[in-house]
Each structure stands twice: as structure tokens, then as C-alpha cells.
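Colleague: So that you have it, the file is entry-v2.csv, and it contains CSV, C-alpha atoms and all ligand atoms:
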```
chain,number,residue,atom,x,y,z
A,1,MET,CA,9.2,-86.6,26.2
A,2,SER,CA,11.2,-83.4,26.8
A,3,ARG,CA,13.2,-83.5,29.9
A,4,ASP,CA,13.9,-80.0,30.7
A,5,GLY,CA,13.0,-76.5,29.7
A,6,ASP,CA,9.6,-74.9,30.1
A,7,ARG,CA,6.8,-76.9,28.7
A,8,LEU,CA,3.7,-75.2,27.4
A,9,SER,CA,0.7,-76.0,25.4
A,10,GLY,CA,-0.8,-73.3,23.1
A,11,THR,CA,-2.7,-72.1,26.1
A,12,GLY,CA,0.3,-72.1,28.4
A,13,ARG,CA,-0.8,-75.1,30.4
A,14,PRO,CA,1.4,-78.1,30.7
A,15,VAL,CA,0.7,-80.8,28.1
A,16,LYS,CA,-0.9,-84.1,29.2
A,17,GLY,CA,-0.3,-87.4,27.4
A,18,GLY,CA,2.6,-88.7,25.4
A,19,ARG,CA,3.0,-85.9,22.9
A,20,PRO,CA,5.6,-83.2,23.8
A,21,GLY,CA,4.4,-79.6,23.8
A,22,LEU,CA,6.0,-76.4,22.7
A,23,THR,CA,9.3,-76.3,24.7
A,24,ARG,CA,11.8,-73.6,25.4
A,25,VAL,CA,15.3,-75.3,25.0
A,26,ARG,CA,17.3,-72.1,25.2
A,27,PRO,CA,16.4,-68.4,25.5
A,28,GLY,CA,14.7,-67.6,22.2
A,29,LEU,CA,15.0,-71.1,20.9
A,30,TRP,CA,11.9,-73.3,21.0
A,31,SER,CA,11.0,-76.8,20.0
A,32,LEU,CA,7.6,-77.0,18.3
A,33,PRO,CA,6.2,-80.5,17.6
A,34,ILE,CA,4.3,-81.0,14.4
A,35,PRO,CA,2.1,-84.1,14.2
A,36,LEU,CA,2.8,-86.8,11.6
A,37,PRO,CA,0.1,-89.1,10.2
A,38,GLY,CA,2.2,-92.2,11.2
A,39,PRO,CA,5.3,-93.1,13.3
A,40,PRO,CA,7.4,-91.5,14.7
A,41,GLY,CA,4.4,-89.4,15.6
A,42,HIS,CA,5.8,-85.9,15.4
A,43,VAL,CA,8.6,-83.9,13.9
A,44,LEU,CA,10.3,-81.2,16.0
A,45,VAL,CA,10.5,-77.8,14.3
A,46,TYR,CA,12.9,-75.4,16.0
A,47,VAL,CA,11.9,-71.8,16.2
A,48,LEU,CA,14.7,-69.2,16.5
A,49,GLU,CA,13.3,-65.8,17.7
A,50,THR,CA,14.9,-62.7,16.2
A,51,ASP,CA,13.9,-59.0,16.2
A,52,ALA,CA,13.1,-59.4,12.5
A,53,GLY,CA,10.7,-62.3,13.0
A,54,PRO,CA,11.1,-66.1,13.6
A,55,TYR,CA,13.4,-68.4,11.6
A,56,LEU,CA,12.7,-72.1,11.5
A,57,VAL,CA,14.8,-75.2,11.4
A,58,ASP,CA,12.7,-77.7,9.5
A,59,ALA,CA,9.1,-77.1,8.5
A,60,GLY,CA,7.0,-80.2,9.2
A,61,TRP,CA,4.7,-82.5,7.2
A,62,ASP,CA,2.3,-80.8,4.8
A,63,THR,CA,-1.1,-81.6,6.3
A,64,GLU,CA,-3.9,-79.4,7.6
A,65,GLU,CA,-3.2,-80.7,11.1
A,66,GLY,CA,0.5,-79.9,10.7
A,67,TRP,CA,-0.2,-76.4,9.4
A,68,GLY,CA,-2.6,-75.8,12.3
A,69,ALA,CA,0.0,-77.0,14.9
A,70,LEU,CA,2.6,-74.7,13.4
A,71,ALA,CA,0.3,-71.7,13.4
A,72,ALA,CA,-0.8,-72.5,17.0
A,73,GLY,CA,2.8,-72.9,18.2
A,74,LEU,CA,3.9,-69.6,16.6
A,75,LYS,CA,0.8,-67.8,18.0
A,76,ALA,CA,1.7,-69.1,21.5
A,77,LEU,CA,5.1,-67.4,21.0
A,78,GLY,CA,3.4,-64.1,20.0
A,79,THR,CA,4.1,-64.4,16.3
A,80,ARG,CA,2.6,-65.7,13.1
A,81,VAL,CA,3.4,-67.9,10.1
A,82,GLU,CA,3.2,-64.7,8.0
A,83,ASP,CA,6.2,-63.3,10.1
A,84,VAL,CA,8.6,-66.1,9.4
A,85,ARG,CA,11.8,-64.8,7.7
A,86,GLY,CA,13.6,-68.0,6.7
A,87,VAL,CA,13.3,-71.8,6.8
A,88,LEU,CA,16.5,-73.9,7.1
A,89,VAL,CA,15.6,-77.4,6.2
A,90,THR,CA,17.9,-80.2,7.4
A,91,HIS,CA,17.0,-82.6,4.5
A,92,SER,CA,14.6,-83.2,1.7
A,93,HIS,CA,12.3,-85.8,3.4
A,94,LEU,CA,8.7,-84.5,3.4
A,95,ASP,CA,8.2,-84.7,7.2
A,96,HIS,CA,10.9,-81.9,7.3
A,97,TYR,CA,10.6,-80.1,4.0
A,98,GLY,CA,6.9,-80.6,3.4
A,99,LEU,CA,5.4,-77.3,4.8
A,100,ALA,CA,8.3,-75.1,3.7
A,101,PRO,CA,6.8,-74.0,0.3
A,102,ARG,CA,3.5,-73.2,2.0
A,103,ILE,CA,5.3,-71.1,4.7
A,104,ARG,CA,7.2,-69.3,2.0
A,105,GLU,CA,3.9,-68.5,0.2
A,106,ALA,CA,2.3,-67.1,3.4
A,107,SER,CA,5.3,-65.1,4.6
A,108,GLY,CA,7.8,-64.5,1.8
A,109,ALA,CA,10.4,-66.3,3.8
A,110,TRP,CA,13.4,-67.9,2.0
A,111,VAL,CA,13.8,-71.7,2.1
A,112,ALA,CA,17.3,-73.2,2.2
A,113,LEU,CA,18.4,-76.8,1.6
A,114,HIS,CA,21.7,-78.4,0.7
A,115,ALA,CA,22.1,-78.6,-3.1
A,116,LEU,CA,22.2,-82.5,-3.1
A,117,ASP,CA,18.9,-82.6,-1.3
A,118,ALA,CA,17.4,-80.0,-3.6
A,119,VAL,CA,18.1,-82.4,-6.4
A,120,GLY,CA,16.8,-85.2,-4.2
A,121,LEU,CA,13.3,-83.6,-4.1
A,122,SER,CA,12.7,-84.7,-7.6
A,123,GLN,CA,12.6,-88.3,-6.4
A,124,PHE,CA,9.2,-87.7,-4.7
A,125,ARG,CA,7.7,-86.9,-8.1
A,126,SER,CA,8.3,-90.4,-9.4
A,127,ASP,CA,5.8,-93.2,-8.7
A,128,PRO,CA,6.5,-94.6,-5.2
A,129,ALA,CA,5.6,-98.1,-6.5
A,130,LEU,CA,8.2,-98.0,-9.2
A,131,ARG,CA,10.9,-97.0,-6.6
A,132,LEU,CA,9.9,-99.7,-4.2
A,133,ALA,CA,9.9,-102.4,-7.0
A,134,ALA,CA,13.3,-101.3,-8.2
A,135,LEU,CA,14.8,-101.5,-4.6
A,136,LEU,CA,13.3,-105.0,-3.9
A,137,ARG,CA,14.4,-106.4,-7.3
A,138,ARG,CA,17.9,-105.0,-6.8
A,139,ALA,CA,17.9,-106.7,-3.5
A,140,GLY,CA,17.1,-110.0,-5.2
A,141,ALA,CA,13.6,-110.3,-3.6
A,142,PRO,CA,11.4,-113.1,-4.9
A,143,GLU,CA,8.8,-111.8,-7.4
A,144,GLU,CA,5.9,-112.8,-5.1
A,145,ALA,CA,7.4,-110.6,-2.3
A,146,VAL,CA,7.6,-107.7,-4.8
A,147,THR,CA,3.9,-108.1,-5.7
A,148,ARG,CA,2.9,-108.3,-2.0
A,149,ALA,CA,4.9,-105.2,-1.1
A,150,LEU,CA,3.3,-103.3,-4.0
A,151,ASP,CA,-0.2,-104.4,-2.9
A,152,ASP,CA,0.6,-103.2,0.7
A,153,LEU,CA,1.7,-99.9,-0.7
A,154,GLY,CA,-1.5,-99.3,-2.6
A,155,ARG,CA,-1.9,-96.5,-5.1
A,156,ARG,CA,-0.1,-93.4,-4.1
A,157,PRO,CA,0.7,-90.5,-6.4
A,158,GLY,CA,4.1,-88.9,-6.4
A,159,VAL,CA,4.5,-85.5,-4.6
A,160,ASP,CA,5.6,-82.4,-6.5
A,161,ALA,CA,7.6,-80.3,-4.0
A,162,ALA,CA,8.5,-76.7,-4.9
A,163,LEU,CA,12.3,-76.1,-4.9
A,164,PRO,CA,14.2,-74.1,-2.2
A,165,ASP,CA,15.4,-70.5,-2.9
A,166,ARG,CA,18.8,-71.1,-1.5
A,167,HIS,CA,21.4,-73.8,-1.3
A,168,LEU,CA,23.5,-74.2,1.9
A,169,ALA,CA,27.0,-75.6,1.6
A,170,ASP,CA,29.2,-77.2,4.3
A,171,ARG,CA,30.4,-74.5,6.8
A,172,GLU,CA,28.2,-71.8,5.3
A,173,ARG,CA,26.7,-69.4,7.8
A,174,PRO,CA,23.1,-68.6,7.0
A,175,GLU,CA,22.0,-65.1,8.0
A,176,VAL,CA,19.8,-65.4,11.0
A,177,PRO,CA,20.1,-62.1,13.0
A,178,GLY,CA,21.4,-62.5,16.6
A,179,TRP,CA,22.3,-66.2,16.0
A,180,ASP,CA,25.6,-67.6,15.1
A,181,LEU,CA,24.6,-70.6,13.0
A,182,THR,CA,26.9,-72.8,10.9
A,183,ALA,CA,25.6,-75.4,8.5
A,184,LEU,CA,27.4,-78.7,8.7
A,185,TRP,CA,27.1,-81.1,5.8
A,186,THR,CA,26.4,-84.5,7.3
A,187,PRO,CA,25.6,-87.0,4.5
A,188,GLY,CA,24.2,-90.4,5.3
A,189,HIS,CA,20.5,-90.3,6.0
A,190,THR,CA,20.2,-88.3,2.8
A,191,PRO,CA,23.0,-87.2,0.4
A,192,GLY,CA,22.7,-83.6,1.5
A,193,HIS,CA,21.7,-83.8,5.1
A,194,LEU,CA,22.6,-80.7,7.2
A,195,CYS,CA,23.1,-80.2,10.9
A,196,PHE,CA,23.3,-76.7,12.4
A,197,TRP,CA,25.8,-75.7,15.1
A,198,GLU,CA,25.3,-72.7,17.4
A,199,PRO,CA,28.5,-72.2,19.4
A,200,ARG,CA,27.3,-69.5,21.8
A,201,HIS,CA,24.5,-71.8,23.1
A,202,ARG,CA,26.5,-74.9,22.4
A,203,VAL,CA,23.6,-76.6,20.7
A,204,LEU,CA,23.6,-78.9,17.7
A,205,LEU,CA,20.5,-78.9,15.7
A,206,ALA,CA,20.8,-82.4,14.4
A,207,GLY,CA,17.8,-83.1,12.1
A,208,ASP,CA,17.6,-86.9,11.6
A,209,HIS,CA,21.3,-87.4,11.8
A,210,LEU,CA,21.5,-88.3,15.5
A,211,LEU,CA,18.2,-89.3,17.1
A,212,PRO,CA,18.4,-90.4,20.8
A,213,ARG,CA,16.7,-93.8,20.4
A,214,THR,CA,16.3,-94.7,16.8
A,215,THR,CA,19.1,-95.6,14.4
A,216,VAL,CA,18.1,-93.8,11.2
A,217,GLY,CA,18.2,-95.4,7.8
A,218,MET,CA,20.6,-94.2,5.1
A,219,TYR,CA,19.8,-93.2,1.6
A,220,GLU,CA,19.7,-96.0,-1.0
A,221,PRO,CA,23.1,-96.3,-2.8
A,222,ARG,CA,22.5,-95.1,-6.4
A,223,ASP,CA,25.7,-96.2,-8.1
A,224,ASP,CA,29.0,-98.1,-7.4
A,225,ASN,CA,30.6,-95.1,-5.7
A,226,ASP,CA,27.9,-94.4,-3.1
A,227,ASP,CA,28.7,-95.4,0.4
A,228,PRO,CA,26.1,-93.7,2.6
A,229,LEU,CA,27.1,-95.6,5.7
A,230,GLY,CA,30.8,-94.7,5.2
A,231,ASP,CA,29.8,-91.0,4.7
A,232,TYR,CA,27.7,-91.1,7.8
A,233,LEU,CA,30.4,-92.7,10.0
A,234,GLY,CA,32.9,-90.1,8.8
A,235,THR,CA,30.7,-87.3,10.2
A,236,LEU,CA,30.5,-88.5,13.7
A,237,GLU,CA,33.9,-87.8,15.3
A,238,PRO,CA,34.0,-84.1,14.2
A,239,LEU,CA,30.5,-83.6,15.7
A,240,VAL,CA,31.5,-85.2,19.0
A,241,SER,CA,34.7,-83.1,19.2
A,242,MET,CA,32.5,-80.0,19.1
A,243,GLU,CA,31.3,-81.1,22.6
A,244,PRO,CA,27.7,-79.7,22.3
A,245,ASP,CA,25.9,-79.2,25.6
A,246,LEU,CA,22.6,-80.1,24.0
A,247,VAL,CA,21.6,-82.1,20.9
A,248,LEU,CA,18.3,-81.0,19.3
A,249,PRO,CA,17.1,-83.8,17.0
A,250,ALA,CA,14.1,-83.6,14.7
A,251,HIS,CA,12.2,-86.5,16.3
A,252,GLU,CA,11.9,-88.0,19.8
A,253,HIS,CA,13.5,-85.7,22.4
A,254,HIS,CA,16.6,-83.6,23.0
A,255,TYR,CA,19.6,-85.0,24.9
A,256,ALA,CA,22.9,-84.0,26.3
A,257,ASP,CA,25.5,-86.8,26.0
A,258,LEU,CA,26.4,-87.0,22.3
A,259,ALA,CA,29.6,-89.0,22.8
A,260,THR,CA,27.7,-91.8,24.5
A,261,ARG,CA,25.0,-91.8,21.8
A,262,VAL,CA,27.6,-91.9,19.0
A,263,GLY,CA,29.3,-94.8,20.8
A,264,GLU,CA,26.0,-96.8,20.8
A,265,LEU,CA,25.4,-96.0,17.1
A,266,ARG,CA,28.9,-96.9,16.1
A,267,HIS,CA,28.6,-100.2,18.0
A,268,GLY,CA,25.3,-101.0,16.3
A,269,HIS,CA,26.6,-100.3,12.8
A,270,ALA,CA,29.8,-102.3,13.5
A,271,THR,CA,27.7,-105.3,14.7
A,272,ARG,CA,25.5,-105.3,11.7
A,273,THR,CA,28.5,-104.9,9.3
A,274,ALA,CA,30.1,-107.9,11.1
A,275,VAL,CA,26.9,-110.0,10.5
A,276,ALA,CA,27.1,-109.1,6.8
A,277,ALA,CA,30.8,-110.0,6.6
A,278,SER,CA,30.2,-113.4,8.1
A,279,ALA,CA,27.3,-114.0,5.8
A,280,LEU,CA,29.5,-113.2,2.8
A,281,ARG,CA,32.2,-115.5,4.1
A,282,GLU,CA,29.8,-118.4,3.9
A,283,GLY,CA,29.1,-117.7,0.2
A,284,PRO,CA,27.3,-115.4,-2.2
A,285,VAL,CA,24.3,-113.6,-0.7
A,286,THR,CA,21.4,-111.4,-1.9
A,287,ALA,CA,20.6,-108.2,0.0
A,288,TRP,CA,17.1,-109.7,0.5
A,289,ARG,CA,18.6,-112.7,2.3
A,290,LEU,CA,21.0,-110.6,4.3
A,291,ALA,CA,18.2,-108.3,5.4
A,292,GLY,CA,16.6,-111.3,7.1
A,293,ARG,CA,19.8,-112.2,8.8
A,294,LEU,CA,20.2,-108.7,10.2
A,295,ARG,CA,17.0,-109.2,12.2
A,296,ARG,CA,16.9,-110.9,15.6
A,297,SER,CA,14.5,-113.5,14.2
A,298,GLY,CA,16.8,-114.2,11.3
A,299,THR,CA,14.1,-113.8,8.7
A,300,LEU,CA,11.9,-111.2,6.9
A,301,GLU,CA,8.8,-113.4,7.7
A,302,GLY,CA,5.9,-111.2,8.9
A,303,LEU,CA,7.6,-107.9,7.9
A,304,ARG,CA,5.5,-105.6,5.8
A,305,GLY,CA,5.3,-102.0,4.6
A,306,PHE,CA,7.8,-99.4,5.6
A,307,PRO,CA,9.7,-101.6,8.1
A,308,LEU,CA,10.3,-104.2,5.3
A,309,ARG,CA,11.6,-101.5,2.9
A,310,ALA,CA,13.8,-100.0,5.6
A,311,THR,CA,15.3,-103.4,6.5
A,312,VAL,CA,16.1,-104.3,2.9
A,313,SER,CA,17.5,-100.9,2.2
A,314,ARG,CA,19.8,-101.3,5.3
A,315,ALA,CA,21.2,-104.5,4.0
A,316,LEU,CA,22.0,-102.8,0.6
A,317,VAL,CA,23.7,-99.9,2.5
A,318,ILE,CA,25.9,-102.3,4.5
A,319,LEU,CA,26.9,-104.2,1.3
A,320,ALA,CA,27.7,-101.0,-0.5
A,321,HIS,CA,29.9,-100.0,2.5
A,322,LEU,CA,31.7,-103.4,2.3
A,323,ARG,CA,32.2,-102.7,-1.4
A,324,ARG,CA,33.8,-99.4,-0.7
A,325,LEU,CA,36.1,-101.1,1.8
A,326,GLY,CA,37.1,-103.5,-1.0
A,327,ALA,CA,35.6,-106.5,0.9
A,328,ALA,CA,32.6,-107.2,-1.4
A,329,ARG,CA,31.4,-106.9,-5.0
A,330,GLU,CA,28.0,-106.8,-6.6
A,331,VAL,CA,27.1,-109.4,-9.2
A,332,PRO,CA,24.2,-108.4,-11.6
A,333,GLY,CA,22.4,-111.7,-11.4
A,334,PRO,CA,19.6,-112.7,-11.7
A,335,PRO,CA,19.0,-112.5,-8.9
A,336,PRO,CA,21.5,-109.7,-8.2
A,337,HIS,CA,23.8,-110.8,-5.4
A,338,TRP,CA,27.0,-110.0,-3.6
A,339,LYS,CA,30.3,-111.9,-3.2
A,340,ALA,CA,33.2,-111.6,-0.8
A,341,THR,CA,36.6,-110.5,-2.0
A,342,ARG,CA,40.0,-111.5,-0.6
A,343,ARG,CA,40.1,-108.4,1.4
A,344,LEU,CA,37.1,-109.4,3.5
A,345,GLU,CA,39.0,-111.1,6.2
A,346,GLN,CA,41.4,-108.2,6.6
A,347,CYS,CA,38.5,-105.8,7.0
A,348,GLU,CA,36.5,-108.1,9.3
A,349,ALA,CA,38.8,-107.7,12.4
A,350,GLY,CA,37.9,-104.0,12.4
A,351,PHE,CA,34.1,-104.5,12.5
A,352,PHE,CA,34.3,-106.7,15.6
A,353,ASN,CA,36.4,-104.0,17.3
A,354,GLY,CA,33.8,-101.5,16.4
B,401,ZN,ZN,12.5,-87.3,9.7
```
With the file now loaded, output its structure as C-alpha cells.
Modeller:
Amino acid sequence: MSRDGDRLSGTGRPVKGGRPGLTRVRPGLWSLPIPLPGPPGHVLVYVLETDAGPYLVDAGWDTEEGWGALAAGLKALGTRVEDVRGVLVTHSHLDHYGLAPRIREASGAWVALHALDAVGLSQFRSDPALRLAALLRRAGAPEEAVTRALDDLGRRPGVDAALPDRHLADRERPEVPGWDLTALWTPGHTPGHLCFWEPRHRVLLAGDHLLPRTTVGMYEPRDDNDDPLGDYLGTLEPLVSMEPDLVLPAHEHHYADLATRVGELRHGHATRTAVAASALREGPVTAWRLAGRLRRSGTLEGLRGFPLRATVSRALVILAHLRRLGAAREVPGPPPHWKATRRLEQCEAGFFNG
């Protein structure tokens, strides 16, 4: 899927098939795909070569296959997991953070994460079924839909992830010899998501913030002040104005034209927000019902598992954004639902203009 740069497998031969191989994106900067057990198939770990040993941006999912891919990739670069000096993690999700504690154990490397996402790691300890049920009930899902979603989830234990050694704040410059990295706090996908900017190479290491094809989900709003979508939209213009030559996302493939991609993303979010606004104008609505309207089919029929959860969460995120704009308010229920305020119409013109 990579479009330029050298493309090597562990043996130096080009990779066949859909999965990208180890790819040089800049001198001394490599993209190393780590397989994931499900979609989107792989996470891209970026390896920064230094005289002291490699530094990584993101770590990959903690499976034996992932660990093997990391070890093989580093070996192809003439180094080893044991030589890693530092791991900069873009956010707490386990496809990015998962292997970091194991790398630290093998190498003594430090592991860095934004403080808000370090706190967020504790969420993985709690029972996934309890979290899913809480989301669906808050969205006003019918009880039989909650039961079915829990059946689909099956029994899965929580994951106890070891904490990072360091917290990285906005604009902080982590010490990576020979590289001029700046951490950029880019909340939205998670509360403490980080991108990394390298001005000499004009590359933006973007984590899950700006994927080339997929519109990523936002964190679930936890209280009345949370507006993950508003936070996210607020980060976009400053990133575009940096004019990166290359965006290095943690999934899919790297790409050059950030301004165009941000335009597409803004348009998509504005369109969905406009759908929510017109639903509210018709009367009170649950997040569950709005989630259906946000789909092309107009219904949640046939949707199961993670896609169902992501769609419901997206509806809640848009409603929380409208609340922050003063256009909607949440009514406890039962079922919990949302109502328009007088400001809705005033706000609506803006969504249609993107
Ligand atoms: Zn991810």
C-alpha cells in the first residue's frame, strides 16, 4: 500500500500481496507494519535510527505474531528489540501501546505517552461487557439490542497494561538524538492523542489522528463538558498550516496532501452534524436512533460487533458536539434522549457550509 520509498521484506526482497513491507520513508526513518488480529490488518510502527539505537513511534499489538514482526523488522535494519532506547506512543489504544511494556522489559527503553492517555489505560482493566452495556444504555438502545451485543462480544477479560515512564505534553520535545521531534497534543480519537512533527524532514507522524481513507472514531464523551469532535476539529487547521511534505499515519499508508484530506474529513463531519441537527429539529431523538439515521441505509439493522459500537458512539459524539455549541441538551430518560434548543437553527447554517 505504500506508494514510494524502498520496499523490503525481512529478506530484502519486495513484498508480495496486500500487506505493506518494511518501508524507508526518509533516510533513517522506516515504516514497519505489525499485524493485527482483525481490521484494519496492521499498525505502522515508525523506526527512527540514531547512533544510540532505534527509537519507535508506536509499539504495536501485543501478540506473538506482532512481537515476531517487530523483531524481524528491526533485524532487517541491522538492530534488535534489545537496542531500542525509547518508545513514543501516539495514544493508549492497545494496537499502538500494547507491545510498549514488553519492549521496555527487553531493552530498558523509556515509554512515553500523554498524561490523559496514561490515565486512559486504566479503562482497559474494566470489564469490556460493562463498558459496552453502559454505552448502549446511554444511547437509549432497546434492552434486546444490549443483550445481543453482549452475546456478540462474548467473554473477554480486561487487559492490565503497565504504565508509561514519561508523560509528554503539548509542544514538548522528546530527546531523540539527531531528530528534531515536537509532540503535538491532538485530542479527539483519544483525550491525550499525540502527533509528532519533524520540521527538518517535514514529516508529520500522525498516529490515528489523520488516516488517509478511514474517518476515525472519537473517544466517548464522559461528562457534560466533553466535546471530542470539537477538540478534534480544533486541531486540524494548525496541522495543515505546518505544510508537511508527508503524513505518516499509524494505519493504511502514508500520503502527501494533508490539506485535501482535512477538507474531506471536515466535509464528512459537517454532513453528519447536519443530519443530527435536522433529526433534532423534528423532535427528541435517542443516540441509538440517530446512529441509524447516520448510516446510508437509515437503520442499524444488520449491524453487529465493533461497527455497531462505533456507529452508536459516533452519534453520541455528534450530540455532545451540538451540546457544546448550545444547540442540544441531554435528557436523562428513560430512555436517555436529546432535544434541540433555540440555538439549533442559528448553528445549523454553519454545518451545511462545512
Ligand atoms: Zn489504531
Colleague: Write as number ranges by chain the residues around ligand ZN 401 (chain B), taking 12 Å as the cut-off and counting all atoms listed in the file.
Modeller: A: 34-36, 38-45, 58-61, 89-98, 189-190, 193, 206-211, 214-218, 249-252
Colleague: Find the residues around segment 270-286 of chain A up to 7 Å (only C-alpha atoms counted), leave out those fewer than 4 positions away in its own chain, and share them as a PyMOL selection string.
Modeller: chain A and resi 139-140+266+290+294+318+336-340+348+351-352+354
Colleague: For atom CA of Leu132 of chain A and atom CA of Gly120 of chain A, determine how far apart the two atoms are, in Å to one decimal place.
Modeller: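 Answer for the atom CA of Leu132 of chain A to atom CA of Gly120 of chain A separation: 16.1 Å.
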Colleague: So how many Å separate atom CA of Pro199 of chain A and atom CA of Ala183 of chain A, to one decimal?
Modeller: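 These two atoms are separated by 11.7 Å.
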Colleague: Rounded to one decimal in Å, what is the spacing between atom CA of Leu121 of chain A and atom CA of Val159 of chain A?
Modeller: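 If I compute the distance from atom CA of Leu121 of chain A to atom CA of Val159 of chain A, I get 9.0 Å.
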Colleague: So that I can see what lies close to Val247 of chain A, please list as JSON, numbers by chain the residues with an atom at most 6 Å from it, counting all atoms listed in the file and leaving out residues fewer than 4 positions away in the same chain.
Modeller: {"A": [203, 204, 254, 255, 256]}
Colleague: Write out as an MDAnalysis selection string the residues lying within 6 Å of Val87 of chain A, counting only C-alpha atoms and excluding same-chain residues fewer than 6 positions away.
Modeller: chainID A and resid 55:57 111
Colleague: From the options A:Leu150, A:Leu308, A:Leu168, A:Ala72, which residue's atoms come nearest to Trp110 of chain A, counting all atoms listed in the file?
Modeller: A:Leu168
Colleague: Residues at most 7 Å from segment 229-239 of chain A, counting all atoms listed in the file, excluding those fewer than 2 positions away in the same chain, as a list in words?
Modeller: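 Near neighbours after the sequence-gap exclusion: Thr186, Pro187, Gly188, Met218, Asp227, Ser241, Met242, Val262, Val317, Ile318 and His321 of chain A.
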Colleague: Around (21.6, -73.7, -1.2) in the file's own coordinates, what residues are found within 8 Å if you use only C-alpha atoms, given back as a list of chain:residue names?
Modeller: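 Every residue inside that radius is included here: A:Ala112, A:Leu113, A:His114, A:Ala115, A:Ala118, A:Pro164, A:Asp165, A:Arg166, A:His167, A:Leu168, A:Ala169.
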Colleague: Of the candidates A:Arg342, A:Ala145, A:Arg213, A:Ser31, which shows the shortest atom-to-atom distance to Glu301 of chain A, using all atoms listed in the file?
Modeller: A:Ala145
Colleague: Using all atoms listed in the file for the distances, tell me which of A:Pro307, A:Gly268, A:Gly53, A:Gly78 is nearest to Gly292 of chain A.
Modeller: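 Checking each candidate against Gly292 of chain A, we get A:Pro307 as the closest.
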Colleague: For a quick check of understanding, using all atoms listed in the file, which of A:Ser297, A:Thr147, A:Thr182, A:Gln346 has the smallest distance to Arg202 of chain A?
Modeller: A:Thr182
Colleague: Since the input has fewer atoms than a full residue there, write segment 207-214 of chain A out with all heavy atoms, as a PDB file, in the coordinates of the input.
Modeller:
```pdb
ATOM      1  N   GLY A 207      18.715 -82.523  13.079  1.00  0.00           N
ATOM      2  CA  GLY A 207      17.800 -83.100  12.100  1.00  0.00           C
ATOM      3  C   GLY A 207      17.602 -84.603  12.383  1.00  0.00           C
ATOM      4  O   GLY A 207      17.347 -84.980  13.534  1.00  0.00           O
ATOM      5  N   ASP A 208      17.730 -85.454  11.369  1.00  0.00           N
ATOM      6  CA  ASP A 208      17.600 -86.900  11.600  1.00  0.00           C
ATOM      7  C   ASP A 208      18.925 -87.601  11.729  1.00  0.00           C
ATOM      8  O   ASP A 208      18.986 -88.831  11.731  1.00  0.00           O
ATOM      9  CB  ASP A 208      16.806 -87.541  10.412  1.00  0.00           C
ATOM     10  CG  ASP A 208      15.307 -87.332  10.552  1.00  0.00           C
ATOM     11  OD1 ASP A 208      14.879 -86.711  11.544  1.00  0.00           O
ATOM     12  OD2 ASP A 208      14.560 -87.796   9.655  1.00  0.00           O
ATOM     13  N   HIS A 209      19.998 -86.826  11.788  1.00  0.00           N
ATOM     14  CA  HIS A 209      21.300 -87.400  11.800  1.00  0.00           C
ATOM     15  C   HIS A 209      21.613 -88.215  13.050  1.00  0.00           C
ATOM     16  O   HIS A 209      22.232 -89.282  12.990  1.00  0.00           O
ATOM     17  CB  HIS A 209      22.363 -86.298  11.630  1.00  0.00           C
ATOM     18  CG  HIS A 209      23.724 -86.764  11.220  1.00  0.00           C
ATOM     19  ND1 HIS A 209      23.942 -87.454  10.049  1.00  0.00           N
ATOM     20  CD2 HIS A 209      24.944 -86.637  11.817  1.00  0.00           C
ATOM     21  CE1 HIS A 209      25.238 -87.729   9.946  1.00  0.00           C
ATOM     22  NE2 HIS A 209      25.864 -87.256  10.999  1.00  0.00           N
ATOM     23  N   LEU A 210      21.152 -87.714  14.180  1.00  0.00           N
ATOM     24  CA  LEU A 210      21.500 -88.300  15.500  1.00  0.00           C
ATOM     25  C   LEU A 210      20.283 -88.297  16.389  1.00  0.00           C
ATOM     26  O   LEU A 210      20.146 -87.406  17.228  1.00  0.00           O
ATOM     27  CB  LEU A 210      22.654 -87.536  16.116  1.00  0.00           C
ATOM     28  CG  LEU A 210      24.001 -87.663  15.391  1.00  0.00           C
ATOM     29  CD1 LEU A 210      24.903 -86.489  15.720  1.00  0.00           C
ATOM     30  CD2 LEU A 210      24.680 -88.974  15.747  1.00  0.00           C
ATOM     31  N   LEU A 211      19.389 -89.261  16.214  1.00  0.00           N
ATOM     32  CA  LEU A 211      18.200 -89.300  17.100  1.00  0.00           C
ATOM     33  C   LEU A 211      18.627 -90.075  18.381  1.00  0.00           C
ATOM     34  O   LEU A 211      19.510 -90.925  18.360  1.00  0.00           O
ATOM     35  CB  LEU A 211      17.082 -90.100  16.401  1.00  0.00           C
ATOM     36  CG  LEU A 211      16.576 -89.501  15.080  1.00  0.00           C
ATOM     37  CD1 LEU A 211      15.390 -90.311  14.563  1.00  0.00           C
ATOM     38  CD2 LEU A 211      16.187 -88.043  15.230  1.00  0.00           C
ATOM     39  N   PRO A 212      17.980 -89.766  19.498  1.00  0.00           N
ATOM     40  CA  PRO A 212      18.400 -90.400  20.800  1.00  0.00           C
ATOM     41  C   PRO A 212      18.117 -91.839  20.911  1.00  0.00           C
ATOM     42  O   PRO A 212      18.803 -92.540  21.648  1.00  0.00           O
ATOM     43  CB  PRO A 212      17.628 -89.551  21.810  1.00  0.00           C
ATOM     44  CG  PRO A 212      16.457 -88.998  21.091  1.00  0.00           C
ATOM     45  CD  PRO A 212      16.912 -88.773  19.679  1.00  0.00           C
ATOM     46  N   ARG A 213      17.074 -92.346  20.216  1.00  0.00           N
ATOM     47  CA  ARG A 213      16.700 -93.800  20.400  1.00  0.00           C
ATOM     48  C   ARG A 213      16.789 -94.556  19.117  1.00  0.00           C
ATOM     49  O   ARG A 213      17.181 -95.711  19.123  1.00  0.00           O
ATOM     50  CB  ARG A 213      15.299 -93.854  21.011  1.00  0.00           C
ATOM     51  CG  ARG A 213      15.273 -93.458  22.484  1.00  0.00           C
ATOM     52  CD  ARG A 213      13.904 -93.626  23.094  1.00  0.00           C
ATOM     53  NE  ARG A 213      13.036 -92.512  22.771  1.00  0.00           N
ATOM     54  CZ  ARG A 213      11.809 -92.626  22.306  1.00  0.00           C
ATOM     55  NH1 ARG A 213      11.283 -93.814  22.099  1.00  0.00           N
ATOM     56  NH2 ARG A 213      11.087 -91.560  22.041  1.00  0.00           N
ATOM     57  N   THR A 214      16.356 -93.952  18.024  1.00  0.00           N
ATOM     58  CA  THR A 214      16.300 -94.700  16.800  1.00  0.00           C
ATOM     59  C   THR A 214      17.563 -94.569  15.963  1.00  0.00           C
ATOM     60  O   THR A 214      18.162 -93.498  15.924  1.00  0.00           O
ATOM     61  CB  THR A 214      15.110 -94.094  15.920  1.00  0.00           C
ATOM     62  OG1 THR A 214      13.914 -94.189  16.685  1.00  0.00           O
ATOM     63  CG2 THR A 214      14.940 -94.834  14.606  1.00  0.00           C
TER      64      THR A 214
END
```
